[in-house]
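Asks: Just one file: upload.cif, with mmCIF, N, CA and C atoms.
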data_protein
loop_
_atom_site.group_PDB
_atom_site.id
_atom_site.type_symbol
_atom_site.label_atom_id
_atom_site.label_comp_id
_atom_site.auth_asym_id
_atom_site.auth_seq_id
_atom_site.Cartn_x
_atom_site.Cartn_y
_atom_site.Cartn_z
ATOM 1 N N MET A 1 -16.823 -11.506 82.646
ATOM 2 C CA MET A 1 -15.750 -11.850 81.731
ATOM 3 C C MET A 1 -14.826 -12.854 82.404
ATOM 4 N N SER A 2 -14.601 -13.950 81.750
ATOM 5 C CA SER A 2 -13.726 -14.965 82.315
ATOM 6 C C SER A 2 -12.264 -14.599 82.072
ATOM 7 N N LYS A 3 -11.429 -15.142 82.919
ATOM 8 C CA LYS A 3 -9.994 -14.865 82.806
ATOM 9 C C LYS A 3 -9.432 -15.452 81.513
ATOM 10 N N GLU A 4 -9.968 -16.597 81.085
ATOM 11 C CA GLU A 4 -9.525 -17.214 79.829
ATOM 12 C C GLU A 4 -9.817 -16.300 78.643
ATOM 13 N N ARG A 5 -11.007 -15.711 78.636
ATOM 14 C CA ARG A 5 -11.393 -14.807 77.548
ATOM 15 C C ARG A 5 -10.467 -13.584 77.524
ATOM 16 N N LEU A 6 -10.180 -13.024 78.691
ATOM 17 C CA LEU A 6 -9.324 -11.841 78.763
ATOM 18 C C LEU A 6 -7.906 -12.132 78.284
ATOM 19 N N MET A 7 -7.426 -13.353 78.498
ATOM 20 C CA MET A 7 -6.073 -13.706 78.077
ATOM 21 C C MET A 7 -5.959 -13.839 76.555
ATOM 22 N N LYS A 8 -7.091 -14.038 75.864
ATOM 23 C CA LYS A 8 -7.079 -14.238 74.416
ATOM 24 C C LYS A 8 -7.408 -12.974 73.631
ATOM 25 N N ILE A 9 -7.748 -11.887 74.308
ATOM 26 C CA ILE A 9 -8.181 -10.672 73.612
ATOM 27 C C ILE A 9 -7.008 -9.944 72.971
ATOM 28 N N LEU A 10 -5.938 -9.688 73.716
ATOM 29 C CA LEU A 10 -4.777 -8.980 73.165
ATOM 30 C C LEU A 10 -3.940 -9.953 72.351
ATOM 31 N N LEU A 11 -3.779 -9.668 71.054
ATOM 32 C CA LEU A 11 -3.018 -10.554 70.177
ATOM 33 C C LEU A 11 -1.553 -10.150 70.095
ATOM 34 N N ALA A 12 -1.283 -8.832 69.969
ATOM 35 C CA ALA A 12 0.099 -8.373 69.849
ATOM 36 C C ALA A 12 0.157 -6.867 70.048
ATOM 37 N N PRO A 13 1.271 -6.362 70.593
ATOM 38 C CA PRO A 13 1.445 -4.905 70.620
ATOM 39 C C PRO A 13 1.862 -4.425 69.234
ATOM 40 N N LEU A 14 1.398 -3.254 68.840
ATOM 41 C CA LEU A 14 1.808 -2.660 67.569
ATOM 42 C C LEU A 14 2.861 -1.608 67.873
ATOM 43 N N VAL A 15 4.086 -1.886 67.484
ATOM 44 C CA VAL A 15 5.195 -0.978 67.758
ATOM 45 C C VAL A 15 5.637 -0.361 66.442
ATOM 46 N N SER A 16 5.373 0.919 66.288
ATOM 47 C CA SER A 16 5.791 1.668 65.111
ATOM 48 C C SER A 16 6.293 3.027 65.591
ATOM 49 N N GLU A 17 6.766 3.817 64.674
ATOM 50 C CA GLU A 17 7.235 5.152 65.043
ATOM 51 C C GLU A 17 6.086 5.986 65.604
ATOM 52 N N LYS A 18 4.935 5.901 64.972
ATOM 53 C CA LYS A 18 3.772 6.671 65.416
ATOM 54 C C LYS A 18 3.282 6.206 66.791
ATOM 55 N N SER A 19 3.206 4.895 67.010
ATOM 56 C CA SER A 19 2.730 4.408 68.305
ATOM 57 C C SER A 19 3.751 4.668 69.411
ATOM 58 N N SER A 20 5.026 4.654 69.086
ATOM 59 C CA SER A 20 6.052 4.963 70.089
ATOM 60 C C SER A 20 5.985 6.421 70.522
ATOM 61 N N MET A 21 5.725 7.308 69.569
ATOM 62 C CA MET A 21 5.582 8.723 69.924
ATOM 63 C C MET A 21 4.343 8.948 70.785
ATOM 64 N N ALA A 22 3.241 8.253 70.467
ATOM 65 C CA ALA A 22 2.015 8.379 71.258
ATOM 66 C C ALA A 22 2.236 7.865 72.675
ATOM 67 N N ALA A 23 3.036 6.804 72.820
ATOM 68 C CA ALA A 23 3.324 6.272 74.148
ATOM 69 C C ALA A 23 4.152 7.260 74.959
ATOM 70 N N ASP A 24 5.111 7.911 74.327
ATOM 71 C CA ASP A 24 5.969 8.864 75.035
ATOM 72 C C ASP A 24 5.212 10.136 75.414
ATOM 73 N N VAL A 25 4.401 10.637 74.495
ATOM 74 C CA VAL A 25 3.741 11.925 74.699
ATOM 75 C C VAL A 25 2.490 11.801 75.569
ATOM 76 N N SER A 26 1.625 10.809 75.285
ATOM 77 C CA SER A 26 0.317 10.793 75.951
ATOM 78 C C SER A 26 -0.030 9.470 76.630
ATOM 79 N N ARG A 27 0.955 8.628 76.945
ATOM 80 C CA ARG A 27 0.715 7.347 77.633
ATOM 81 C C ARG A 27 -0.304 6.489 76.894
ATOM 82 N N GLN A 28 -0.251 6.486 75.561
ATOM 83 C CA GLN A 28 -1.215 5.762 74.743
ATOM 84 C C GLN A 28 -0.499 4.610 74.026
ATOM 85 N N TYR A 29 -0.932 3.375 74.284
ATOM 86 C CA TYR A 29 -0.307 2.191 73.729
ATOM 87 C C TYR A 29 -1.257 1.519 72.755
ATOM 88 N N THR A 30 -0.708 0.939 71.683
ATOM 89 C CA THR A 30 -1.510 0.373 70.612
ATOM 90 C C THR A 30 -1.342 -1.140 70.577
ATOM 91 N N PHE A 31 -2.470 -1.852 70.447
ATOM 92 C CA PHE A 31 -2.477 -3.307 70.421
ATOM 93 C C PHE A 31 -3.328 -3.812 69.263
ATOM 94 N N MET A 32 -2.968 -4.979 68.725
ATOM 95 C CA MET A 32 -3.829 -5.704 67.814
ATOM 96 C C MET A 32 -4.694 -6.595 68.706
ATOM 97 N N VAL A 33 -6.019 -6.518 68.534
ATOM 98 C CA VAL A 33 -6.925 -7.247 69.413
ATOM 99 C C VAL A 33 -7.857 -8.140 68.605
ATOM 100 N N ASP A 34 -8.558 -9.006 69.304
ATOM 101 C CA ASP A 34 -9.540 -9.893 68.688
ATOM 102 C C ASP A 34 -10.644 -9.048 68.054
ATOM 103 N N THR A 35 -11.159 -9.467 66.899
ATOM 104 C CA THR A 35 -12.110 -8.640 66.154
ATOM 105 C C THR A 35 -13.448 -8.470 66.867
ATOM 106 N N ASP A 36 -13.816 -9.373 67.766
ATOM 107 C CA ASP A 36 -15.097 -9.222 68.463
ATOM 108 C C ASP A 36 -14.930 -8.730 69.900
ATOM 109 N N ALA A 37 -13.754 -8.193 70.232
ATOM 110 C CA ALA A 37 -13.493 -7.673 71.581
ATOM 111 C C ALA A 37 -14.170 -6.316 71.764
ATOM 112 N N THR A 38 -14.716 -6.089 72.949
ATOM 113 C CA THR A 38 -15.344 -4.821 73.272
ATOM 114 C C THR A 38 -14.381 -3.950 74.074
ATOM 115 N N LYS A 39 -14.705 -2.656 74.182
ATOM 116 C CA LYS A 39 -13.830 -1.737 74.921
ATOM 117 C C LYS A 39 -13.667 -2.143 76.391
ATOM 118 N N PRO A 40 -14.739 -2.521 77.112
ATOM 119 C CA PRO A 40 -14.536 -2.956 78.502
ATOM 120 C C PRO A 40 -13.669 -4.211 78.613
ATOM 121 N N GLU A 41 -13.793 -5.140 77.653
ATOM 122 C CA GLU A 41 -12.962 -6.336 77.674
ATOM 123 C C GLU A 41 -11.495 -5.997 77.425
ATOM 124 N N ILE A 42 -11.244 -5.089 76.482
ATOM 125 C CA ILE A 42 -9.867 -4.678 76.187
ATOM 126 C C ILE A 42 -9.247 -4.008 77.405
ATOM 127 N N SER A 43 -10.004 -3.134 78.047
ATOM 128 C CA SER A 43 -9.526 -2.446 79.246
ATOM 129 C C SER A 43 -9.192 -3.442 80.347
ATOM 130 N N ALA A 44 -10.079 -4.397 80.584
ATOM 131 C CA ALA A 44 -9.856 -5.395 81.629
ATOM 132 C C ALA A 44 -8.653 -6.275 81.297
ATOM 133 N N ALA A 45 -8.460 -6.605 80.011
ATOM 134 C CA ALA A 45 -7.332 -7.447 79.610
ATOM 135 C C ALA A 45 -6.002 -6.736 79.830
ATOM 136 N N VAL A 46 -5.924 -5.455 79.478
ATOM 137 C CA VAL A 46 -4.689 -4.691 79.673
ATOM 138 C C VAL A 46 -4.392 -4.557 81.168
ATOM 139 N N GLU A 47 -5.416 -4.283 81.967
ATOM 140 C CA GLU A 47 -5.212 -4.165 83.411
ATOM 141 C C GLU A 47 -4.757 -5.480 84.020
ATOM 142 N N LEU A 48 -5.289 -6.603 83.526
ATOM 143 C CA LEU A 48 -4.913 -7.910 84.045
ATOM 144 C C LEU A 48 -3.486 -8.289 83.651
ATOM 145 N N LEU A 49 -3.141 -8.107 82.383
ATOM 146 C CA LEU A 49 -1.840 -8.567 81.892
ATOM 147 C C LEU A 49 -0.676 -7.679 82.314
ATOM 148 N N PHE A 50 -0.884 -6.366 82.358
ATOM 149 C CA PHE A 50 0.238 -5.451 82.617
ATOM 150 C C PHE A 50 0.174 -4.783 83.988
ATOM 151 N N ASP A 51 -0.868 -5.057 84.781
ATOM 152 C CA ASP A 51 -1.016 -4.513 86.136
ATOM 153 C C ASP A 51 -0.936 -2.987 86.124
ATOM 154 N N VAL A 52 -1.759 -2.355 85.269
ATOM 155 C CA VAL A 52 -1.846 -0.902 85.159
ATOM 156 C C VAL A 52 -3.321 -0.503 85.194
ATOM 157 N N LYS A 53 -3.588 0.783 85.322
ATOM 158 C CA LYS A 53 -4.953 1.310 85.308
ATOM 159 C C LYS A 53 -5.209 2.002 83.975
ATOM 160 N N VAL A 54 -6.293 1.642 83.308
ATOM 161 C CA VAL A 54 -6.638 2.185 81.998
ATOM 162 C C VAL A 54 -7.604 3.351 82.166
ATOM 163 N N GLU A 55 -7.314 4.447 81.450
ATOM 164 C CA GLU A 55 -8.173 5.626 81.478
ATOM 165 C C GLU A 55 -9.202 5.581 80.354
ATOM 166 N N LYS A 56 -8.769 5.204 79.134
ATOM 167 C CA LYS A 56 -9.641 5.277 77.973
ATOM 168 C C LYS A 56 -9.193 4.276 76.919
ATOM 169 N N VAL A 57 -10.162 3.742 76.165
ATOM 170 C CA VAL A 57 -9.866 2.817 75.069
ATOM 171 C C VAL A 57 -10.551 3.320 73.801
ATOM 172 N N GLN A 58 -9.790 3.377 72.706
ATOM 173 C CA GLN A 58 -10.339 3.705 71.392
ATOM 174 C C GLN A 58 -10.044 2.539 70.472
ATOM 175 N N THR A 59 -11.024 2.167 69.637
ATOM 176 C CA THR A 59 -10.831 1.036 68.736
ATOM 177 C C THR A 59 -11.044 1.452 67.289
ATOM 178 N N ILE A 60 -10.376 0.735 66.399
ATOM 179 C CA ILE A 60 -10.484 0.972 64.965
ATOM 180 C C ILE A 60 -10.549 -0.385 64.277
ATOM 181 N N ASN A 61 -11.548 -0.571 63.395
ATOM 182 C CA ASN A 61 -11.598 -1.760 62.555
ATOM 183 C C ASN A 61 -10.816 -1.464 61.278
ATOM 184 N N VAL A 62 -9.771 -2.246 61.030
ATOM 185 C CA VAL A 62 -8.902 -2.028 59.883
ATOM 186 C C VAL A 62 -9.268 -3.049 58.806
ATOM 187 N N ASN A 63 -9.603 -2.564 57.624
ATOM 188 C CA ASN A 63 -9.922 -3.453 56.515
ATOM 189 C C ASN A 63 -8.642 -3.991 55.901
ATOM 190 N N GLY A 64 -8.649 -5.272 55.541
ATOM 191 C CA GLY A 64 -7.495 -5.895 54.905
ATOM 192 C C GLY A 64 -7.293 -5.366 53.498
ATOM 193 N N LYS A 65 -6.030 -5.254 53.107
ATOM 194 C CA LYS A 65 -5.718 -4.741 51.775
ATOM 195 C C LYS A 65 -6.028 -5.795 50.711
ATOM 196 N N ARG A 66 -6.419 -5.332 49.552
ATOM 197 C CA ARG A 66 -6.594 -6.215 48.395
ATOM 198 C C ARG A 66 -5.242 -6.345 47.707
ATOM 199 N N LYS A 67 -4.866 -7.569 47.396
ATOM 200 C CA LYS A 67 -3.556 -7.849 46.798
ATOM 201 C C LYS A 67 -3.742 -8.730 45.572
ATOM 202 N N ARG A 68 -2.786 -8.622 44.650
ATOM 203 C CA ARG A 68 -2.763 -9.481 43.466
ATOM 204 C C ARG A 68 -1.496 -10.322 43.496
ATOM 205 N N PHE A 69 -1.657 -11.571 43.158
ATOM 206 C CA PHE A 69 -0.529 -12.477 43.011
ATOM 207 C C PHE A 69 -0.579 -13.003 41.574
ATOM 208 N N GLY A 70 -0.036 -12.230 40.639
ATOM 209 C CA GLY A 70 -0.162 -12.567 39.226
ATOM 210 C C GLY A 70 -1.602 -12.359 38.794
ATOM 211 N N GLN A 71 -2.256 -13.418 38.319
ATOM 212 C CA GLN A 71 -3.651 -13.306 37.907
ATOM 213 C C GLN A 71 -4.616 -13.540 39.061
ATOM 214 N N ILE A 72 -4.127 -14.034 40.165
ATOM 215 C CA ILE A 72 -4.982 -14.376 41.299
ATOM 216 C C ILE A 72 -5.157 -13.157 42.197
ATOM 217 N N GLN A 73 -6.408 -12.805 42.462
ATOM 218 C CA GLN A 73 -6.677 -11.705 43.382
ATOM 219 C C GLN A 73 -6.904 -12.265 44.778
ATOM 220 N N GLY A 74 -6.393 -11.555 45.779
ATOM 221 C CA GLY A 74 -6.556 -11.987 47.152
ATOM 222 C C GLY A 74 -6.826 -10.801 48.056
ATOM 223 N N LYS A 75 -7.061 -11.095 49.320
ATOM 224 C CA LYS A 75 -7.336 -10.048 50.286
ATOM 225 C C LYS A 75 -6.773 -10.478 51.630
ATOM 226 N N ARG A 76 -6.098 -9.550 52.289
ATOM 227 C CA ARG A 76 -5.608 -9.825 53.633
ATOM 228 C C ARG A 76 -6.779 -9.782 54.614
ATOM 229 N N LYS A 77 -6.586 -10.361 55.781
ATOM 230 C CA LYS A 77 -7.648 -10.413 56.784
ATOM 231 C C LYS A 77 -7.953 -9.025 57.346
ATOM 232 N N ASP A 78 -9.213 -8.804 57.710
ATOM 233 C CA ASP A 78 -9.586 -7.619 58.464
ATOM 234 C C ASP A 78 -9.128 -7.837 59.911
ATOM 235 N N TRP A 79 -8.792 -6.745 60.607
ATOM 236 C CA TRP A 79 -8.350 -6.860 61.991
ATOM 237 C C TRP A 79 -8.763 -5.621 62.772
ATOM 238 N N LYS A 80 -8.603 -5.686 64.079
ATOM 239 C CA LYS A 80 -9.023 -4.595 64.956
ATOM 240 C C LYS A 80 -7.828 -4.080 65.732
ATOM 241 N N LYS A 81 -7.744 -2.757 65.809
ATOM 242 C CA LYS A 81 -6.662 -2.088 66.525
ATOM 243 C C LYS A 81 -7.267 -1.350 67.719
ATOM 244 N N ALA A 82 -6.600 -1.425 68.861
ATOM 245 C CA ALA A 82 -7.056 -0.724 70.065
ATOM 246 C C ALA A 82 -5.943 0.174 70.570
ATOM 247 N N MET A 83 -6.294 1.443 70.825
ATOM 248 C CA MET A 83 -5.355 2.383 71.418
ATOM 249 C C MET A 83 -5.803 2.620 72.861
ATOM 250 N N VAL A 84 -4.939 2.272 73.795
ATOM 251 C CA VAL A 84 -5.275 2.292 75.213
ATOM 252 C C VAL A 84 -4.500 3.411 75.890
ATOM 253 N N ARG A 85 -5.212 4.338 76.517
ATOM 254 C CA ARG A 85 -4.565 5.418 77.271
ATOM 255 C C ARG A 85 -4.561 5.031 78.751
ATOM 256 N N LEU A 86 -3.378 5.111 79.357
ATOM 257 C CA LEU A 86 -3.227 4.759 80.763
ATOM 258 C C LEU A 86 -3.401 5.985 81.649
ATOM 259 N N GLN A 87 -3.744 5.730 82.909
ATOM 260 C CA GLN A 87 -3.875 6.825 83.866
ATOM 261 C C GLN A 87 -2.512 7.428 84.163
ATOM 262 N N GLU A 88 -2.520 8.620 84.724
ATOM 263 C CA GLU A 88 -1.301 9.356 85.051
ATOM 264 C C GLU A 88 -0.400 8.508 85.949
ATOM 265 N N GLY A 89 0.881 8.443 85.592
ATOM 266 C CA GLY A 89 1.857 7.708 86.400
ATOM 267 C C GLY A 89 1.996 6.243 86.025
ATOM 268 N N GLN A 90 1.141 5.712 85.153
ATOM 269 C CA GLN A 90 1.207 4.322 84.733
ATOM 270 C C GLN A 90 2.081 4.196 83.487
ATOM 271 N N ASP A 91 2.711 3.030 83.300
ATOM 272 C CA ASP A 91 3.600 2.839 82.173
ATOM 273 C C ASP A 91 3.700 1.355 81.838
ATOM 274 N N ILE A 92 3.862 1.027 80.554
ATOM 275 C CA ILE A 92 4.110 -0.330 80.100
ATOM 276 C C ILE A 92 5.465 -0.340 79.410
ATOM 277 N N ASP A 93 6.332 -1.258 79.825
ATOM 278 C CA ASP A 93 7.631 -1.417 79.179
ATOM 279 C C ASP A 93 7.638 -2.776 78.494
ATOM 280 N N PHE A 94 7.572 -2.779 77.165
ATOM 281 C CA PHE A 94 7.500 -4.037 76.425
ATOM 282 C C PHE A 94 8.825 -4.798 76.453
ATOM 283 N N ALA A 95 9.922 -4.129 76.712
ATOM 284 C CA ALA A 95 11.221 -4.791 76.756
ATOM 285 C C ALA A 95 11.304 -5.744 77.942
ATOM 286 N N THR A 96 10.759 -5.346 79.097
ATOM 287 C CA THR A 96 10.812 -6.189 80.281
ATOM 288 C C THR A 96 9.493 -6.874 80.551
ATOM 289 N N GLY A 97 8.405 -6.416 79.912
ATOM 290 C CA GLY A 97 7.098 -7.016 80.112
ATOM 291 C C GLY A 97 6.390 -6.535 81.363
ATOM 292 N N ALA A 98 6.872 -5.440 81.960
ATOM 293 C CA ALA A 98 6.222 -4.928 83.174
ATOM 294 C C ALA A 98 5.812 -3.496 83.012
#
Could you render the structure as structure tokens?
Replies:
Amino acid sequence: MSKERLMKILLAPLVSEKSSMAADVSRQYTFMVDTDATKPEISAAVELLFDVKVEKVQTINVNGKRKRFGQIQGKRKDWKKAMVRLQEGQDIDFATGA
């Protein structure tokens, strides 16, 4: 895996009430990732960007919602969500980026 590829895998952290509780209780952080990213690539990207050790990665393919704009029907993009559990003692602080 090239370093360039790893830098493009994580698109954004998903910060919600549910993901914040998971981070506090079980060291599990949620990210929006590239749709063709694999679990080993996601793990390597998180370890590279945040300098932490990853214990486990779970992924979910999220289907885009169907929407109507008057008579025009549309659909939002499909995307992939990754929930990353860190090893004991590891932590990510999105406010400071460390």
Asks: Identify all residues of range 8-60 of chain A in strand (DSSP E) (DSSP on the backbone) and supply them as an NGL selection string.
Replies: :A and (10-13 or 28-33 or 54-60)
Asks: What would the file look like if the residues just selected were written as a PDB file, in the frame of the given file with N, CA and C atoms?
Replies:
ATOM      1  N   LEU A  10      -5.938  -9.688  73.716  1.00  0.00           N
ATOM      2  CA  LEU A  10      -4.777  -8.980  73.165  1.00  0.00           C
ATOM      3  C   LEU A  10      -3.940  -9.953  72.351  1.00  0.00           C
ATOM      4  N   LEU A  11      -3.779  -9.668  71.054  1.00  0.00           N
ATOM      5  CA  LEU A  11      -3.018 -10.554  70.177  1.00  0.00           C
ATOM      6  C   LEU A  11      -1.553 -10.150  70.095  1.00  0.00           C
ATOM      7  N   ALA A  12      -1.283  -8.832  69.969  1.00  0.00           N
ATOM      8  CA  ALA A  12       0.099  -8.373  69.849  1.00  0.00           C
ATOM      9  C   ALA A  12       0.157  -6.867  70.048  1.00  0.00           C
ATOM     10  N   PRO A  13       1.271  -6.362  70.593  1.00  0.00           N
ATOM     11  CA  PRO A  13       1.445  -4.905  70.620  1.00  0.00           C
ATOM     12  C   PRO A  13       1.862  -4.425  69.234  1.00  0.00           C
ATOM     13  N   GLN A  28      -0.251   6.486  75.561  1.00  0.00           N
ATOM     14  CA  GLN A  28      -1.215   5.762  74.743  1.00  0.00           C
ATOM     15  C   GLN A  28      -0.499   4.610  74.026  1.00  0.00           C
ATOM     16  N   TYR A  29      -0.932   3.375  74.284  1.00  0.00           N
ATOM     17  CA  TYR A  29      -0.307   2.191  73.729  1.00  0.00           C
ATOM     18  C   TYR A  29      -1.257   1.519  72.755  1.00  0.00           C
ATOM     19  N   THR A  30      -0.708   0.939  71.683  1.00  0.00           N
ATOM     20  CA  THR A  30      -1.510   0.373  70.612  1.00  0.00           C
ATOM     21  C   THR A  30      -1.342  -1.140  70.577  1.00  0.00           C
ATOM     22  N   PHE A  31      -2.470  -1.852  70.447  1.00  0.00           N
ATOM     23  CA  PHE A  31      -2.477  -3.307  70.421  1.00  0.00           C
ATOM     24  C   PHE A  31      -3.328  -3.812  69.263  1.00  0.00           C
ATOM     25  N   MET A  32      -2.968  -4.979  68.725  1.00  0.00           N
ATOM     26  CA  MET A  32      -3.829  -5.704  67.814  1.00  0.00           C
ATOM     27  C   MET A  32      -4.694  -6.595  68.706  1.00  0.00           C
ATOM     28  N   VAL A  33      -6.019  -6.518  68.534  1.00  0.00           N
ATOM     29  CA  VAL A  33      -6.925  -7.247  69.413  1.00  0.00           C
ATOM     30  C   VAL A  33      -7.857  -8.140  68.605  1.00  0.00           C
ATOM     31  N   VAL A  54      -6.293   1.642  83.308  1.00  0.00           N
ATOM     32  CA  VAL A  54      -6.638   2.185  81.998  1.00  0.00           C
ATOM     33  C   VAL A  54      -7.604   3.351  82.166  1.00  0.00           C
ATOM     34  N   GLU A  55      -7.314   4.447  81.450  1.00  0.00           N
ATOM     35  CA  GLU A  55      -8.173   5.626  81.478  1.00  0.00           C
ATOM     36  C   GLU A  55      -9.202   5.581  80.354  1.00  0.00           C
ATOM     37  N   LYS A  56      -8.769   5.204  79.134  1.00  0.00           N
ATOM     38  CA  LYS A  56      -9.641   5.277  77.973  1.00  0.00           C
ATOM     39  C   LYS A  56      -9.193   4.276  76.919  1.00  0.00           C
ATOM     40  N   VAL A  57     -10.162   3.742  76.165  1.00  0.00           N
ATOM     41  CA  VAL A  57      -9.866   2.817  75.069  1.00  0.00           C
ATOM     42  C   VAL A  57     -10.551   3.320  73.801  1.00  0.00           C
ATOM     43  N   GLN A  58      -9.790   3.377  72.706  1.00  0.00           N
ATOM     44  CA  GLN A  58     -10.339   3.705  71.392  1.00  0.00           C
ATOM     45  C   GLN A  58     -10.044   2.539  70.472  1.00  0.00           C
ATOM     46  N   THR A  59     -11.024   2.167  69.637  1.00  0.00           N
ATOM     47  CA  THR A  59     -10.831   1.036  68.736  1.00  0.00           C
ATOM     48  C   THR A  59     -11.044   1.452  67.289  1.00  0.00           C
ATOM     49  N   ILE A  60     -10.376   0.735  66.399  1.00  0.00           N
ATOM     50  CA  ILE A  60     -10.484   0.972  64.965  1.00  0.00           C
ATOM     51  C   ILE A  60     -10.549  -0.385  64.277  1.00  0.00           C
TER      52      ILE A  60
END
Asks: Between CA of Val15 in chain A and CA of Lys65 in chain A, what distance in Å does the model show, to one decimal?
Replies: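 Going from CA of Val15 in chain A over to CA of Lys65 in chain A covers 19.7 Å.
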Asks: Have a look at A:Val33, A:Leu14, A:Ala22, A:Ala95 and name the one nearest to Ala45 in chain A; count only C-alpha atoms.
Replies: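 Once distances to Ala45 in chain A are computed over only C-alpha atoms, the minimum belongs to A:Val33.
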Asks: Once the PyMOL selection byres (((chain A and resi 90 and name CA) around 12) and name CA) has been applied to the shown file, what residues remain in the selection, as an NGL selection string?
Replies: :A and (23-24 or 26-29 or 46-47 or 50-55 or 84-89 or 91-93 or 98)
Asks: What residues come out when you apply the PyMOL selection byres ((chain A and resi 58) around 6) to this file, written as a compact mmCIF listing (two decimals) with N, CA and C atoms, in the coordinates of the input?
Replies:
# COMPACT_ATOMS: atom_id res chain seq x y z
N LYS A 56 -8.77 5.20 79.13
CA LYS A 56 -9.64 5.28 77.97
C LYS A 56 -9.19 4.28 76.92
N VAL A 57 -10.16 3.74 76.17
CA VAL A 57 -9.87 2.82 75.07
C VAL A 57 -10.55 3.32 73.80
N THR A 59 -11.02 2.17 69.64
CA THR A 59 -10.83 1.04 68.74
C THR A 59 -11.04 1.45 67.29
N ILE A 60 -10.38 0.74 66.40
CA ILE A 60 -10.48 0.97 64.96
C ILE A 60 -10.55 -0.38 64.28
N LYS A 81 -7.74 -2.76 65.81
CA LYS A 81 -6.66 -2.09 66.53
C LYS A 81 -7.27 -1.35 67.72
N ALA A 82 -6.60 -1.42 68.86
CA ALA A 82 -7.06 -0.72 70.06
C ALA A 82 -5.94 0.17 70.57
N MET A 83 -6.29 1.44 70.82
CA MET A 83 -5.36 2.38 71.42
C MET A 83 -5.80 2.62 72.86
N VAL A 84 -4.94 2.27 73.80
CA VAL A 84 -5.28 2.29 75.21
C VAL A 84 -4.50 3.41 75.89
Asks: Do you have the atom N of Lys39 in chain A-atom N of Arg76 in chain A distance handy?
Replies: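 Between atom N of Lys39 in chain A and atom N of Arg76 in chain A the gap works out to 24.5 Å.
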Asks: I'd like to see the residues matched by the PyMOL selection byres ((chain A and resi 9) around 7) on this file, and ideally I'd get them as a PDB file with N, CA and C atoms, in the coordinates of the input.
Replies:
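part33.pdb was written with the following content:
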ATOM      1  N   GLU A   4      -9.968 -16.597  81.085  1.00  0.00           N
ATOM      2  CA  GLU A   4      -9.525 -17.214  79.829  1.00  0.00           C
ATOM      3  C   GLU A   4      -9.817 -16.300  78.643  1.00  0.00           C
ATOM      4  N   ARG A   5     -11.007 -15.711  78.636  1.00  0.00           N
ATOM      5  CA  ARG A   5     -11.393 -14.807  77.548  1.00  0.00           C
ATOM      6  C   ARG A   5     -10.467 -13.584  77.524  1.00  0.00           C
ATOM      7  N   LEU A   6     -10.180 -13.024  78.691  1.00  0.00           N
ATOM      8  CA  LEU A   6      -9.324 -11.841  78.763  1.00  0.00           C
ATOM      9  C   LEU A   6      -7.906 -12.132  78.284  1.00  0.00           C
ATOM     10  N   MET A   7      -7.426 -13.353  78.498  1.00  0.00           N
ATOM     11  CA  MET A   7      -6.073 -13.706  78.077  1.00  0.00           C
ATOM     12  C   MET A   7      -5.959 -13.839  76.555  1.00  0.00           C
ATOM     13  N   LYS A   8      -7.091 -14.038  75.864  1.00  0.00           N
ATOM     14  CA  LYS A   8      -7.079 -14.238  74.416  1.00  0.00           C
ATOM     15  C   LYS A   8      -7.408 -12.974  73.631  1.00  0.00           C
ATOM     16  N   LEU A  10      -5.938  -9.688  73.716  1.00  0.00           N
ATOM     17  CA  LEU A  10      -4.777  -8.980  73.165  1.00  0.00           C
ATOM     18  C   LEU A  10      -3.940  -9.953  72.351  1.00  0.00           C
ATOM     19  N   LEU A  11      -3.779  -9.668  71.054  1.00  0.00           N
ATOM     20  CA  LEU A  11      -3.018 -10.554  70.177  1.00  0.00           C
ATOM     21  C   LEU A  11      -1.553 -10.150  70.095  1.00  0.00           C
ATOM     22  N   ALA A  12      -1.283  -8.832  69.969  1.00  0.00           N
ATOM     23  CA  ALA A  12       0.099  -8.373  69.849  1.00  0.00           C
ATOM     24  C   ALA A  12       0.157  -6.867  70.048  1.00  0.00           C
ATOM     25  N   MET A  32      -2.968  -4.979  68.725  1.00  0.00           N
ATOM     26  CA  MET A  32      -3.829  -5.704  67.814  1.00  0.00           C
ATOM     27  C   MET A  32      -4.694  -6.595  68.706  1.00  0.00           C
ATOM     28  N   VAL A  33      -6.019  -6.518  68.534  1.00  0.00           N
ATOM     29  CA  VAL A  33      -6.925  -7.247  69.413  1.00  0.00           C
ATOM     30  C   VAL A  33      -7.857  -8.140  68.605  1.00  0.00           C
ATOM     31  N   ASP A  34      -8.558  -9.006  69.304  1.00  0.00           N
ATOM     32  CA  ASP A  34      -9.540  -9.893  68.688  1.00  0.00           C
ATOM     33  C   ASP A  34     -10.644  -9.048  68.054  1.00  0.00           C
ATOM     34  N   ALA A  37     -13.754  -8.193  70.232  1.00  0.00           N
ATOM     35  CA  ALA A  37     -13.493  -7.673  71.581  1.00  0.00           C
ATOM     36  C   ALA A  37     -14.170  -6.316  71.764  1.00  0.00           C
ATOM     37  N   GLU A  41     -13.793  -5.140  77.653  1.00  0.00           N
ATOM     38  CA  GLU A  41     -12.962  -6.336  77.674  1.00  0.00           C
ATOM     39  C   GLU A  41     -11.495  -5.997  77.425  1.00  0.00           C
ATOM     40  N   ILE A  42     -11.244  -5.089  76.482  1.00  0.00           N
ATOM     41  CA  ILE A  42      -9.867  -4.678  76.187  1.00  0.00           C
ATOM     42  C   ILE A  42      -9.247  -4.008  77.405  1.00  0.00           C
ATOM     43  N   ALA A  45      -8.460  -6.605  80.011  1.00  0.00           N
ATOM     44  CA  ALA A  45      -7.332  -7.447  79.610  1.00  0.00           C
ATOM     45  C   ALA A  45      -6.002  -6.736  79.830  1.00  0.00           C
TER      46      ALA A  45
END
